[in-house]
Amino acid sequence: MNASAASLGHDSHGHHGPVLQYQPGLPLSRGKLIMWLFLSTEIMFFAALLGSYVVLRFGAAVWPKPHHVHLSEPIGAINTFVLICSSVTVVLALEAARANKKSLAKTWMLLTLLLGSLFLGIKAYEYAAKFSHGIYPSAPRGMVYERPDLYYGSAVRARLGEPVIIERMKELFTKPEGELRPEEVTGRQRLKQVRDMVNDPNQQAFDLAVVADQIMPLPAESADGHGHGGGLNDTFSWLKLPVVIPGGNMWASTYFLLTGFHAVHVIVGLIVFAILLLYELGPKRAGMIENAGLYWHFVDLVWIFLFPLLYLF
Amino acid sequence: MKRLSALFWSLLFLAVPVLGVATFAVAPAYDIWLPKDVSEHGPAVDGLFYFILWLTGAVFIATEGVLFWFIWKYDESKSNGGVKYVHGSHTLEVVWTIIPAAVLLFISIYQMNTWADVKMRRPDMAPTVEVIGRQFEWRLRYPGKDGMLGTPDDLHLVNDLHLPIDEDVLIQLKSMDVLHSFFLPNVRIKQDAVPGMKIPVWFKAREEGVFDIVCAELCGWGHYKMKGRVTFETRESFDRWLEQKYAEQEATQPADSESAAVAKLSPASLLARR
Amino acid sequence: MSTADTTAAGIEHGTHVSETAAHPQPSPSKGSLSTFLSTYVFSKDHKVIGLQFLFSTLLWFLVGGLLALAVRWQVAWPWSDVPVLGKLFAQQGGQMSPEFYTMLFTMHATVMIFLVIIPVLAGAFGNFLIPLMIGADDMAFPTLNMLSYWFMWPAFAAFSASFFVEGGAASSGWTSYPTLATNVNAAPGSGWGQTLWLVGLTFVGVSSMLGSVNYMTTIILMRAPGMTMFRLPMTIWAMFITAVLQAFALPVLTAAGFMQLFDRTLGTGFFTPEGNIVNNAVATAGGGQPLLWQHLFWFYSHPAVYIMILPAMGMVSDILTCFARKPLFGYRPMVYSVAGIAGLGFIVWGHHMFMSGMNPALGVTFMVSTMMIALPSAVKTFNWLGTIWGGKIQFTTSMLFALSFVSMFIIGGLSGIFMAATPVDIFIHDTYFIVAHFHYVLFAGTAMGVWAAIYFWFPKMFGRTMNEFWGKVHFFLTFIFLNGTFFTMHILGAVGFPRRLADAYHYETFHHLQPLNAFMTYCAIGMVATQIIFAVNFFWSMFFGPVAGRNPWNANTLEWTAPSPPGHGNFDYQPVVYRGPYEYSVPGVEQDHLMQTDPPHPAAAAAAAAAH
Ligand code: HEA
Ligand code: HEA
Ligand code: CUA
Ligand SMILES: [Cu+2]
């Protein structure tokens, strides 16, 4: 029996054979190779989502413009910038770790973590803005309606009939004018109008489009900046009446699908960074940092596709 | 003993092509075969089926036959000399790639015309009838006197489709709820009905008769019973039938006040009703 | 063979270790629970994980088979009382309801595909064989490997639980087409059952994804010295390319699954068109496209059908050469054709959608690519025939199953040509012709290949061989009954007999087909009953079968140089590879096989030179 067989069963890992040698394959470590392979599965995952977005968007009869759905390009651009910066800092952390500058590496890593969190924070702010305008898909129906049709009318009516709303409206209608902000004074007027229109059982022709416009006016095509048109929902934040955004449901579905899955990936990355921060970031950890960085660049890359698709076109 | 078992196994593999071919040969005698076809394009479809059947049948017999022959001939117990120590043959690989490639390419091109006839060359005409799948029935809508669909004088029917023979008919296929598939076995027509889509289906029937409409796409628990009937008849009797059904509808409509009310519902009244 | 010598230079030459020197198995004899758990339950050893997959899938195979019997019962004798099983799901005195029938075939297919065939090929045999056949001590990432098995359990749980929730298990077919599947009101099983189905599917997906990246890494980086890519056995090539297919196709299904899940739970409308009203319920949010699901689903599930056959093709290639005592005919064409099938597999998905309302012009392109995918399969078939030509065939049970794989795959493949021809598909789409096609490739093909592999590698797994006599009885009866059940489906399809119908005999066109269906059901019952022989043989042989040596079949590949069963770390010497895996009956060599690790042999070198 030869030398290698003699070591049979004596190594510390409980192996019962020799430590095996292998044919040289690709010049990559196992960790790095599997990370690349994993990322290629991720590419297919996002390719499917993006592909679906394209199919749904171009198959749709109407698609809202970014400001119809209160999407702000500058905020999106800032977030893109934040994420790109974090991709830079993670590279700097790797460089520092390789050069055995442990505390510097930690600083860069911490900065990466902070930038990633900032990205999520801004994203959360954007989500909150959408939610406050009632733009989200929810079962069985969100607040978003495609057109001012019968279903829309009855939904507005139902909302106005809810006890809480009736209570708040009573309060509002009985308040002396002095206690109201100026826009609330006119708002009160318009709310009364809307309520009467929708509730009147024997009126002949009324225009649900007018109702929709009172509740949340859609900014004109040329309007720049945010789409705050001062509708009833903006004036009275408790009101939360259904709104009309042509194509809005599918827009919301795809927007939250894409950005949501991206955000989940960001969170996973942040967890990895947080775990890395627990260790000494010297050359020994360089491999791990590199893999985490690869992943992070991928997450960044996905966003670079998402930003123009969602915000600019 | 070993020889015997080898014989046994090779005969088992011989049974595959023998019984396989026998099954197909005997089936028509028991009427377990392509159902009667009354359409104009049907012979082309069936012809393709037979063509591929003959072709694959030949490949089937040849390959299974060779498999049997090798199993029979090269079993261990037969002292037929040594084993052929070969790793392959470049020539053979080329041959058995090129020949099937040519055959397959031929089939691909040969069939295209039939496909285009059935699914791509839509006749330029207004729909004869609209067929709407709904759990679990086929709703039919014939254009009324004005020849247009979607007007108040449309004729509404369920499951009882009548169509004229010897002329192109164009069906507008829709679905209200889930996927269905409009399958006329005797006309060699099948088309899924997809909610949100209007799909044109056309054909020309050659013979009178009454046949099944089968729903061929799973649409829920009642999928198995989503059955309709199609009656092919001459233009005159079709027109007569249409006339009669139309009169029947006119007669019953006022009585059916509930459905009339729903149809005439205005936005305001619907809101009030809730 | 000179390249091998240079690659192996500097590495000590491993000799075969005699049987007595084999290291004793790690045994949990200490009785401690934690050793037991770490050895058999939470083991990171690829062999244990492989066996875990094998046992789980066999168990689910039984479940899937029983579900199939229930399906067959209803098709043959609709609305008649179901014996034995009827008590379990007694609807009205043992008679099944139509919605129960839809649930049966949905779960039959789900179990068979996602819990049996895919995990038995990649999970069981991929795990067990990859490190052993390439000369590695384990997978590249053992913990990940363990996770890939344990991710199956939430799936097992979800699919099992779905039978007991309100409305019953998923019932919109294994294809889960919207809007039937997305709309909760559309069918009883479209409620919780469908949600659990999607959850289960996601876990199966995660499991497969973890497995596939691990397999690829292992095969790329952990081959024994001298094991170049073109010395890999076909099994490994097939597993490798299957892993590639999984890695690139599966994420698409996962994404689609999430989208369907959101449609059902969060009120998105990806697959629901505007104003869709099901079962008189209020229209749901819409604007989506039902066909989008079909595209995403088949983008995965067509490659998946090759995921479900390529590993079997690989294993069958190895078994055929071993028992024909002959080199594989056309090794490189075989490798290229596997790659070709995988590559073309990505561009043919539309052939499932010829009648779906997809643009018919697009259908033409899918038709052409589908026709072309028969080419690499043709190359494989002819090379298998070439392999047994002029050989010295040994009729072991394993060989019989392998031969029948070839025989049956031809049938299943040729019926594919009918369906690929778009005009013919108009008539046979969604009929039993399709059912015949895929049971020939999946059951008569893959499952027979799996049995060949079980009989072949059983000695390596358990150190004992299975009983050959009962093995042959098992083969013979399975072969007869499977053809009785499935071949007849072709002619049913020729009548247009539709699939997924709880009762088709009220149609004039089909009412005369009941006797034939009854015959098929008898055969199916026989087929399932036959498996009792297999189960008994399997378990009996595990404990009492004749002890096998390291290499009971005189095969060439690396796993046969390891002890049976191999210990932790697999090899008790450093394997070094000097040649390809198929050097059987080399002229001038005394033995009729030259293992990959056998030292260079002058006669072999001469023979190789002469052969080129
Ligand atoms: C392991 C699984 C597997 C495999 C390998 C295949 C292989 C093939 N399949 Fe199959 N298929 C399925 C599993 C599989 N399929 C399943 C599960 C479904 C149904 C899903 C559902 O709806 O539920 C399906 C459905 C399906 C359809 C859709 C039918 C319909 O719904 O209307 C089509 C259509 O083209 C098709 C075609 C093919 C073709 C052309 C091949 C080819 O790869 C076959 C190639 C092989 C050969 C051709 C034989 C060997 C070659 C020769 C002997 C050489 C000479 C041959 C000639 C010159 C012709 N398959
Ligand atoms: C791998 C896939 C696979 C396998 C193996 C099978 C196996 C079988 N199938 Fe299945 N089937 C499908 C995949 C499969 N099927 C799919 C995808 C569908 C389409 C569903 C849909 O429309 O959505 C389908 C649909 C389907 C139908 C059509 C239903 C319909 O459309 O109405 C029918 C009808 O006859 C049927 C029958 C059978 C039968 C009799 C078997 C028999 O071969 C079963 C035999 C079973 C065994 C032999 C079990 C043996 C058990 C063991 C070996 C375990 C031993 C145990 C230990 C050692 C522990 N199947
Ligand atoms: Cu309608 Cu099936
Ligand atoms: Cu396919």
# chains A, B, ... in the order shown; residues from 1 in each chain; ligands from 1

$ residues_near_ligand --ligand "ligand 1" --cutoff "7 Å" --atoms "only C-alpha atoms and all ligand atoms" --output "count of residues only"
47

$ interface_residues --of "chain C" --to "chain A" --cutoff "6 Å" --atoms "only C-alpha atoms" --output "PyMOL selection string"
chain C and resi 213+217+220-225+247-248+251-252+255+266-268+285+287+568-569+571-574

$ residues_near_ligand --ligand "ligand 4" --cutoff "8 Å" --atoms "only C-alpha atoms and all ligand atoms" --output "JSON, numbers by chain"
{"C": [298, 301, 302, 303, 305, 345, 348, 349, 350, 351, 352]}

$ select_by_dssp --residues "stretch 114-202 of chain B" --states "strand (DSSP E)" --output "number ranges by chain"
B: 129-134, 137-142, 155-158, 160-164, 168-175, 180-184, 189-193, 199-202

$ select_by_dssp --residues "stretch 252-293 of chain A" --states "alpha helix (DSSP H)" --output "number ranges by chain"
A: 252-277, 286-293

$ residues_around --residues "C:Glu590" --least-positions-apart "2" --cutoff "12 Å" --atoms "only C-alpha atoms" --output "PDB file with N, CA, C and O atoms, in the first residue's frame"
ATOM      1  N   TYR C 584     -13.886  -1.661 -23.223  1.00  0.00           N
ATOM      2  CA  TYR C 584     -14.244  -3.057 -23.024  1.00  0.00           C
ATOM      3  C   TYR C 584     -13.660  -3.877 -24.164  1.00  0.00           C
ATOM      4  O   TYR C 584     -13.552  -3.400 -25.297  1.00  0.00           O
ATOM      5  N   SER C 585     -13.302  -5.125 -23.866  1.00  0.00           N
ATOM      6  CA  SER C 585     -12.839  -6.067 -24.894  1.00  0.00           C
ATOM      7  C   SER C 585     -11.742  -5.494 -25.774  1.00  0.00           C
ATOM      8  O   SER C 585     -11.802  -5.593 -26.996  1.00  0.00           O
ATOM      9  N   VAL C 586     -10.754  -4.885 -25.133  1.00  0.00           N
ATOM     10  CA  VAL C 586      -9.656  -4.329 -25.912  1.00  0.00           C
ATOM     11  C   VAL C 586      -8.805  -5.489 -26.429  1.00  0.00           C
ATOM     12  O   VAL C 586      -8.416  -6.354 -25.656  1.00  0.00           O
ATOM     13  N   PRO C 587      -8.541  -5.522 -27.732  1.00  0.00           N
ATOM     14  CA  PRO C 587      -7.754  -6.633 -28.266  1.00  0.00           C
ATOM     15  C   PRO C 587      -6.384  -6.671 -27.597  1.00  0.00           C
ATOM     16  O   PRO C 587      -5.769  -5.634 -27.374  1.00  0.00           O
ATOM     17  N   GLY C 588      -5.942  -7.870 -27.260  1.00  0.00           N
ATOM     18  CA  GLY C 588      -4.615  -8.014 -26.690  1.00  0.00           C
ATOM     19  C   GLY C 588      -4.566  -7.888 -25.178  1.00  0.00           C
ATOM     20  O   GLY C 588      -3.542  -8.132 -24.569  1.00  0.00           O
ATOM     21  N   ASP C 592     -11.532  -8.644 -20.151  1.00  0.00           N
ATOM     22  CA  ASP C 592     -12.343  -8.013 -21.207  1.00  0.00           C
ATOM     23  C   ASP C 592     -12.696  -6.575 -20.851  1.00  0.00           C
ATOM     24  O   ASP C 592     -13.492  -5.945 -21.510  1.00  0.00           O
ATOM     25  N   HIS C 593     -12.095  -6.051 -19.774  1.00  0.00           N
ATOM     26  CA  HIS C 593     -12.326  -4.629 -19.510  1.00  0.00           C
ATOM     27  C   HIS C 593     -11.065  -4.004 -18.946  1.00  0.00           C
ATOM     28  O   HIS C 593     -10.261  -4.664 -18.286  1.00  0.00           O
ATOM     29  N   LEU C 594     -10.881  -2.736 -19.261  1.00  0.00           N
ATOM     30  CA  LEU C 594      -9.760  -1.968 -18.745  1.00  0.00           C
ATOM     31  C   LEU C 594     -10.337  -0.783 -17.990  1.00  0.00           C
ATOM     32  O   LEU C 594     -10.924   0.108 -18.588  1.00  0.00           O
ATOM     33  N   HIS C 601      -1.491   0.272 -20.568  1.00  0.00           N
ATOM     34  CA  HIS C 601      -1.287  -1.099 -20.996  1.00  0.00           C
ATOM     35  C   HIS C 601      -0.753  -1.046 -22.412  1.00  0.00           C
ATOM     36  O   HIS C 601      -1.354  -0.396 -23.278  1.00  0.00           O
ATOM     37  N   PRO C 602       0.371  -1.703 -22.684  1.00  0.00           N
ATOM     38  CA  PRO C 602       0.951  -1.586 -24.028  1.00  0.00           C
ATOM     39  C   PRO C 602      -0.007  -2.026 -25.124  1.00  0.00           C
ATOM     40  O   PRO C 602      -0.151  -1.353 -26.142  1.00  0.00           O
ATOM     41  N   ALA C 603      -0.712  -3.156 -24.888  1.00  0.00           N
ATOM     42  CA  ALA C 603      -1.628  -3.648 -25.915  1.00  0.00           C
ATOM     43  C   ALA C 603      -2.746  -2.651 -26.153  1.00  0.00           C
ATOM     44  O   ALA C 603      -3.178  -2.415 -27.284  1.00  0.00           O
ATOM     45  N   ALA C 604      -3.193  -2.033 -25.059  1.00  0.00           N
ATOM     46  CA  ALA C 604      -4.275  -1.059 -25.191  1.00  0.00           C
ATOM     47  C   ALA C 604      -3.820   0.126 -26.016  1.00  0.00           C
ATOM     48  O   ALA C 604      -4.560   0.628 -26.865  1.00  0.00           O
TER      49      ALA C 604
END

$ closest_atom_pairs --of "chain B" --to "ligand 3" --cutoff "6 Å" --atoms "only C-alpha atoms and all ligand atoms" --output "CSV"
residue,atom,partner,partner_atom_place_in_ligand_line,distance
B:Phe136,CA,ligand 3,1 (Cu),5.7
B:His180,CA,ligand 3,1 (Cu),4.1
B:Cys215,CA,ligand 3,2 (Cu),4.4
B:Ala216,CA,ligand 3,2 (Cu),5.5
B:Glu217,CA,ligand 3,2 (Cu),4.5
B:Leu218,CA,ligand 3,2 (Cu),4.3
B:Cys219,CA,ligand 3,2 (Cu),4.1
B:His223,CA,ligand 3,2 (Cu),3.9
B:Met226,CA,ligand 3,1 (Cu),5.6

$ write_last_selection --atoms "N, CA and C atoms" --output "PDB file, in the first residue's frame"
ATOM      1  N   PHE B 136     -70.292  25.757 -17.643  1.00  0.00           N
ATOM      2  CA  PHE B 136     -69.706  24.770 -18.525  1.00  0.00           C
ATOM      3  C   PHE B 136     -70.629  24.602 -19.707  1.00  0.00           C
ATOM      4  N   HIS B 180     -61.065  27.435 -22.402  1.00  0.00           N
ATOM      5  CA  HIS B 180     -61.797  26.279 -22.921  1.00  0.00           C
ATOM      6  C   HIS B 180     -61.157  25.946 -24.250  1.00  0.00           C
ATOM      7  N   CYS B 215     -65.294  20.113 -25.308  1.00  0.00           N
ATOM      8  CA  CYS B 215     -64.379  21.075 -24.701  1.00  0.00           C
ATOM      9  C   CYS B 215     -63.091  20.328 -24.399  1.00  0.00           C
ATOM     10  N   ALA B 216     -62.006  20.784 -25.007  1.00  0.00           N
ATOM     11  CA  ALA B 216     -60.756  20.043 -24.921  1.00  0.00           C
ATOM     12  C   ALA B 216     -59.712  20.715 -24.037  1.00  0.00           C
ATOM     13  N   GLU B 217     -60.106  21.734 -23.303  1.00  0.00           N
ATOM     14  CA  GLU B 217     -59.130  22.322 -22.383  1.00  0.00           C
ATOM     15  C   GLU B 217     -59.748  22.331 -20.998  1.00  0.00           C
ATOM     16  N   LEU B 218     -58.980  21.837 -20.038  1.00  0.00           N
ATOM     17  CA  LEU B 218     -59.481  21.729 -18.673  1.00  0.00           C
ATOM     18  C   LEU B 218     -60.033  23.069 -18.195  1.00  0.00           C
ATOM     19  N   CYS B 219     -61.311  23.059 -17.759  1.00  0.00           N
ATOM     20  CA  CYS B 219     -61.910  24.324 -17.379  1.00  0.00           C
ATOM     21  C   CYS B 219     -62.634  24.231 -16.046  1.00  0.00           C
ATOM     22  N   HIS B 223     -65.670  20.218 -16.663  1.00  0.00           N
ATOM     23  CA  HIS B 223     -65.019  20.145 -17.973  1.00  0.00           C
ATOM     24  C   HIS B 223     -65.547  18.971 -18.798  1.00  0.00           C
ATOM     25  N   MET B 226     -68.950  19.602 -20.657  1.00  0.00           N
ATOM     26  CA  MET B 226     -69.159  20.817 -21.440  1.00  0.00           C
ATOM     27  C   MET B 226     -69.309  20.431 -22.910  1.00  0.00           C
TER      28      MET B 226
END

$ residues_around --residues "B:Trp115" --least-positions-apart "5" --cutoff "8 Å" --atoms "only C-alpha atoms" --output "JSON, numbers by chain"
{"B": [120], "C": [422, 423]}

$ residues_around --residues "C:Asn551" --least-positions-apart "3" --cutoff "10 Å" --atoms "only C-alpha atoms" --output "ChimeraX atom specification"
/C:459-460,548,554-564

$ residues_around --residues "stretch 473-490 of chain C" --least-positions-apart "6" --cutoff "6 Å" --atoms "only C-alpha atoms" --output "PyMOL selection string"
chain C and resi 432-433+436+520+523-524+527

$ interface_residues --of "chain B" --to "chain C" --cutoff "7 Å" --atoms "only C-alpha atoms" --output "PDB file with C-alpha atoms, in the first residue's frame"
ATOM      1  CA  ALA B  27     -57.866  -0.709 -34.625  1.00  0.00           C
ATOM      2  CA  ILE B  32     -61.099   2.828 -32.919  1.00  0.00           C
ATOM      3  CA  TRP B  33     -59.705   5.165 -35.468  1.00  0.00           C
ATOM      4  CA  LEU B  34     -59.977   8.656 -36.896  1.00  0.00           C
ATOM      5  CA  PRO B  35     -63.651   9.632 -36.680  1.00  0.00           C
ATOM      6  CA  VAL B  45     -54.888  16.914 -42.034  1.00  0.00           C
ATOM      7  CA  LEU B  48     -50.535  14.267 -43.053  1.00  0.00           C
ATOM      8  CA  PHE B  49     -51.415  11.978 -40.181  1.00  0.00           C
ATOM      9  CA  ILE B  52     -46.313  10.592 -40.715  1.00  0.00           C
ATOM     10  CA  THR B  56     -42.588   6.806 -38.398  1.00  0.00           C
ATOM     11  CA  GLU B  64     -37.039  -2.041 -33.368  1.00  0.00           C
ATOM     12  CA  LEU B  67     -32.665  -3.871 -31.955  1.00  0.00           C
ATOM     13  CA  PHE B  70     -28.741  -7.427 -32.491  1.00  0.00           C
ATOM     14  CA  TYR B  74     -24.983 -10.911 -30.303  1.00  0.00           C
ATOM     15  CA  ASP B  75     -25.868 -12.595 -27.088  1.00  0.00           C
ATOM     16  CA  GLU B  76     -23.115 -13.899 -24.912  1.00  0.00           C
ATOM     17  CA  VAL B  83     -16.379  -8.463 -29.749  1.00  0.00           C
ATOM     18  CA  LYS B  84     -16.035  -5.768 -32.362  1.00  0.00           C
ATOM     19  CA  TYR B  85     -13.691  -3.266 -30.754  1.00  0.00           C
ATOM     20  CA  VAL B  86     -14.884  -0.043 -32.406  1.00  0.00           C
ATOM     21  CA  HIS B  87     -15.434   3.424 -31.006  1.00  0.00           C
ATOM     22  CA  GLY B  88     -17.739   4.635 -33.716  1.00  0.00           C
ATOM     23  CA  SER B  89     -17.759   5.638 -37.305  1.00  0.00           C
ATOM     24  CA  TRP B  96     -27.592   9.035 -39.881  1.00  0.00           C
ATOM     25  CA  THR B  97     -27.643  12.719 -39.137  1.00  0.00           C
ATOM     26  CA  PRO B 100     -33.238  12.160 -40.740  1.00  0.00           C
ATOM     27  CA  ALA B 101     -32.456  15.857 -41.097  1.00  0.00           C
ATOM     28  CA  LEU B 104     -37.640  16.115 -40.951  1.00  0.00           C
ATOM     29  CA  SER B 108     -41.703  20.629 -41.871  1.00  0.00           C
ATOM     30  CA  GLN B 111     -47.106  20.533 -43.780  1.00  0.00           C
ATOM     31  CA  THR B 114     -52.206  22.941 -44.497  1.00  0.00           C
ATOM     32  CA  TRP B 115     -51.407  24.796 -41.304  1.00  0.00           C
ATOM     33  CA  LYS B 119     -54.986  28.850 -39.001  1.00  0.00           C
ATOM     34  CA  MET B 120     -53.496  31.670 -41.029  1.00  0.00           C
ATOM     35  CA  MET B 176     -65.929  34.607 -20.423  1.00  0.00           C
ATOM     36  CA  ASP B 177     -64.078  33.017 -17.571  1.00  0.00           C
ATOM     37  CA  VAL B 178     -61.353  30.409 -17.966  1.00  0.00           C
ATOM     38  CA  LEU B 179     -59.676  28.620 -20.849  1.00  0.00           C
ATOM     39  CA  PRO B 185     -63.505  16.021 -33.864  1.00  0.00           C
ATOM     40  CA  ARG B 188     -60.572  18.449 -37.469  1.00  0.00           C
ATOM     41  CA  ILE B 189     -60.821  21.769 -35.708  1.00  0.00           C
ATOM     42  CA  LYS B 190     -59.487  22.652 -32.318  1.00  0.00           C
ATOM     43  CA  GLN B 191     -58.867  26.079 -30.873  1.00  0.00           C
ATOM     44  CA  ASP B 192     -58.502  27.250 -27.299  1.00  0.00           C
ATOM     45  CA  PRO B 195     -60.456  35.080 -21.862  1.00  0.00           C
ATOM     46  CA  GLY B 196     -59.534  38.499 -23.118  1.00  0.00           C
ATOM     47  CA  ILE B 199     -59.832  34.245 -31.894  1.00  0.00           C
ATOM     48  CA  ASP B 212     -70.201  16.640 -31.015  1.00  0.00           C
ATOM     49  CA  ALA B 216     -60.756  20.043 -24.921  1.00  0.00           C
ATOM     50  CA  LEU B 218     -59.481  21.729 -18.673  1.00  0.00           C
ATOM     51  CA  CYS B 219     -61.910  24.324 -17.379  1.00  0.00           C
ATOM     52  CA  GLY B 220     -62.937  23.088 -13.959  1.00  0.00           C
ATOM     53  CA  TRP B 221     -64.940  20.320 -12.386  1.00  0.00           C
ATOM     54  CA  GLY B 222     -67.540  20.280 -15.145  1.00  0.00           C
ATOM     55  CA  HIS B 223     -65.019  20.145 -17.973  1.00  0.00           C
ATOM     56  CA  TYR B 224     -66.113  16.613 -18.883  1.00  0.00           C
TER      57      TYR B 224
END

$ closest_residue --among "C:Trp553, C:Phe128, C:Phe538, C:Tyr300" --to "ligand 2" --atoms "only C-alpha atoms and all ligand atoms"
C:Phe538

$ residues_around --residues "C:Ser541" --least-positions-apart "3" --cutoff "9 Å" --atoms "only C-alpha atoms" --output "tab-separated table (two decimals) with all heavy atoms, in the first residue's frame"
chain	number	residue	atom	x	y	z
C	462	PHE	N	-25.44	-0.61	-1.57
C	462	PHE	CA	-25.69	-1.38	-0.35
C	462	PHE	C	-24.72	-2.54	-0.16
C	462	PHE	O	-24.84	-3.29	0.80
C	462	PHE	CB	-27.12	-1.91	-0.35
C	462	PHE	CG	-28.15	-0.82	-0.49
C	462	PHE	CD1	-28.85	-0.63	-1.67
C	462	PHE	CD2	-28.40	0.04	0.58
C	462	PHE	CE1	-29.78	0.38	-1.79
C	462	PHE	CE2	-29.32	1.06	0.46
C	462	PHE	CZ	-30.02	1.23	-0.73
C	464	ARG	N	-24.61	-5.24	-1.73
C	464	ARG	CA	-25.20	-6.53	-2.07
C	464	ARG	C	-25.91	-6.41	-3.42
C	464	ARG	O	-26.31	-5.32	-3.80
C	464	ARG	CB	-26.23	-6.96	-1.01
C	464	ARG	CG	-25.59	-7.23	0.34
C	464	ARG	CD	-26.63	-7.38	1.42
C	464	ARG	NE	-26.00	-7.54	2.72
C	464	ARG	CZ	-25.62	-8.72	3.21
C	464	ARG	NH1	-25.83	-9.83	2.54
C	464	ARG	NH2	-25.03	-8.79	4.39
C	465	THR	N	-26.07	-7.53	-4.11
C	465	THR	CA	-26.77	-7.46	-5.39
C	465	THR	C	-28.24	-7.86	-5.21
C	465	THR	O	-28.58	-8.61	-4.30
C	465	THR	CB	-26.15	-8.41	-6.44
C	465	THR	OG1	-25.68	-9.55	-5.78
C	465	THR	CG2	-25.05	-7.74	-7.19
C	466	MET	N	-29.07	-7.36	-6.10
C	466	MET	CA	-30.48	-7.72	-6.05
C	466	MET	C	-30.68	-9.09	-6.69
C	466	MET	O	-29.88	-9.52	-7.52
C	466	MET	CB	-31.33	-6.67	-6.75
C	466	MET	CG	-31.47	-5.40	-5.95
C	466	MET	SD	-32.43	-4.15	-6.80
C	466	MET	CE	-34.10	-4.74	-6.56
C	467	ASN	N	-31.76	-9.72	-6.33
C	467	ASN	CA	-32.04	-11.04	-6.87
C	467	ASN	C	-32.33	-10.94	-8.36
C	467	ASN	O	-33.23	-10.21	-8.79
C	467	ASN	CB	-33.22	-11.65	-6.12
C	467	ASN	CG	-33.51	-13.05	-6.61
C	467	ASN	OD1	-33.90	-13.24	-7.76
C	467	ASN	ND2	-33.30	-14.03	-5.75
C	536	VAL	N	-40.24	-5.90	-2.61
C	536	VAL	CA	-39.75	-6.98	-1.76
C	536	VAL	C	-38.30	-7.30	-2.11
C	536	VAL	O	-37.43	-7.39	-1.23
C	536	VAL	CB	-40.64	-8.23	-1.91
C	536	VAL	CG1	-40.02	-9.41	-1.17
C	536	VAL	CG2	-42.03	-7.94	-1.38
C	537	ASN	N	-38.03	-7.44	-3.38
C	537	ASN	CA	-36.67	-7.72	-3.83
C	537	ASN	C	-35.70	-6.66	-3.33
C	537	ASN	O	-34.63	-6.95	-2.81
C	537	ASN	CB	-36.67	-7.79	-5.37
C	537	ASN	CG	-35.35	-8.32	-5.93
C	537	ASN	OD1	-34.40	-8.54	-5.20
C	537	ASN	ND2	-35.31	-8.52	-7.24
C	538	PHE	N	-36.12	-5.44	-3.44
C	538	PHE	CA	-35.28	-4.30	-3.06
C	538	PHE	C	-34.90	-4.39	-1.57
C	538	PHE	O	-33.73	-4.37	-1.21
C	538	PHE	CB	-36.05	-3.01	-3.34
C	538	PHE	CG	-35.26	-1.74	-3.16
C	538	PHE	CD1	-34.58	-1.17	-4.23
C	538	PHE	CD2	-35.22	-1.10	-1.93
C	538	PHE	CE1	-33.87	0.01	-4.06
C	538	PHE	CE2	-34.52	0.08	-1.77
C	538	PHE	CZ	-33.84	0.64	-2.84
C	544	PHE	N	-30.21	-9.18	2.76
C	544	PHE	CA	-29.87	-10.60	2.61
C	544	PHE	C	-29.33	-10.97	1.24
C	544	PHE	O	-29.05	-12.12	0.98
C	544	PHE	CB	-31.10	-11.47	2.91
C	544	PHE	CG	-31.77	-11.11	4.21
C	544	PHE	CD1	-33.02	-10.52	4.23
C	544	PHE	CD2	-31.12	-11.36	5.42
C	544	PHE	CE1	-33.63	-10.19	5.43
C	544	PHE	CE2	-31.73	-11.03	6.63
C	544	PHE	CZ	-32.99	-10.44	6.63
C	545	GLY	N	-29.20	-10.00	0.35
C	545	GLY	CA	-28.71	-10.32	-0.99
C	545	GLY	C	-27.28	-10.81	-0.94
C	545	GLY	O	-26.58	-10.60	0.06
C	546	PRO	N	-26.82	-11.47	-2.01
C	546	PRO	CA	-25.43	-11.92	-2.04
C	546	PRO	C	-24.48	-10.73	-1.98
C	546	PRO	O	-24.71	-9.72	-2.65
C	546	PRO	CB	-25.31	-12.66	-3.37
C	546	PRO	CG	-26.51	-12.28	-4.16
C	546	PRO	CD	-27.57	-11.84	-3.21
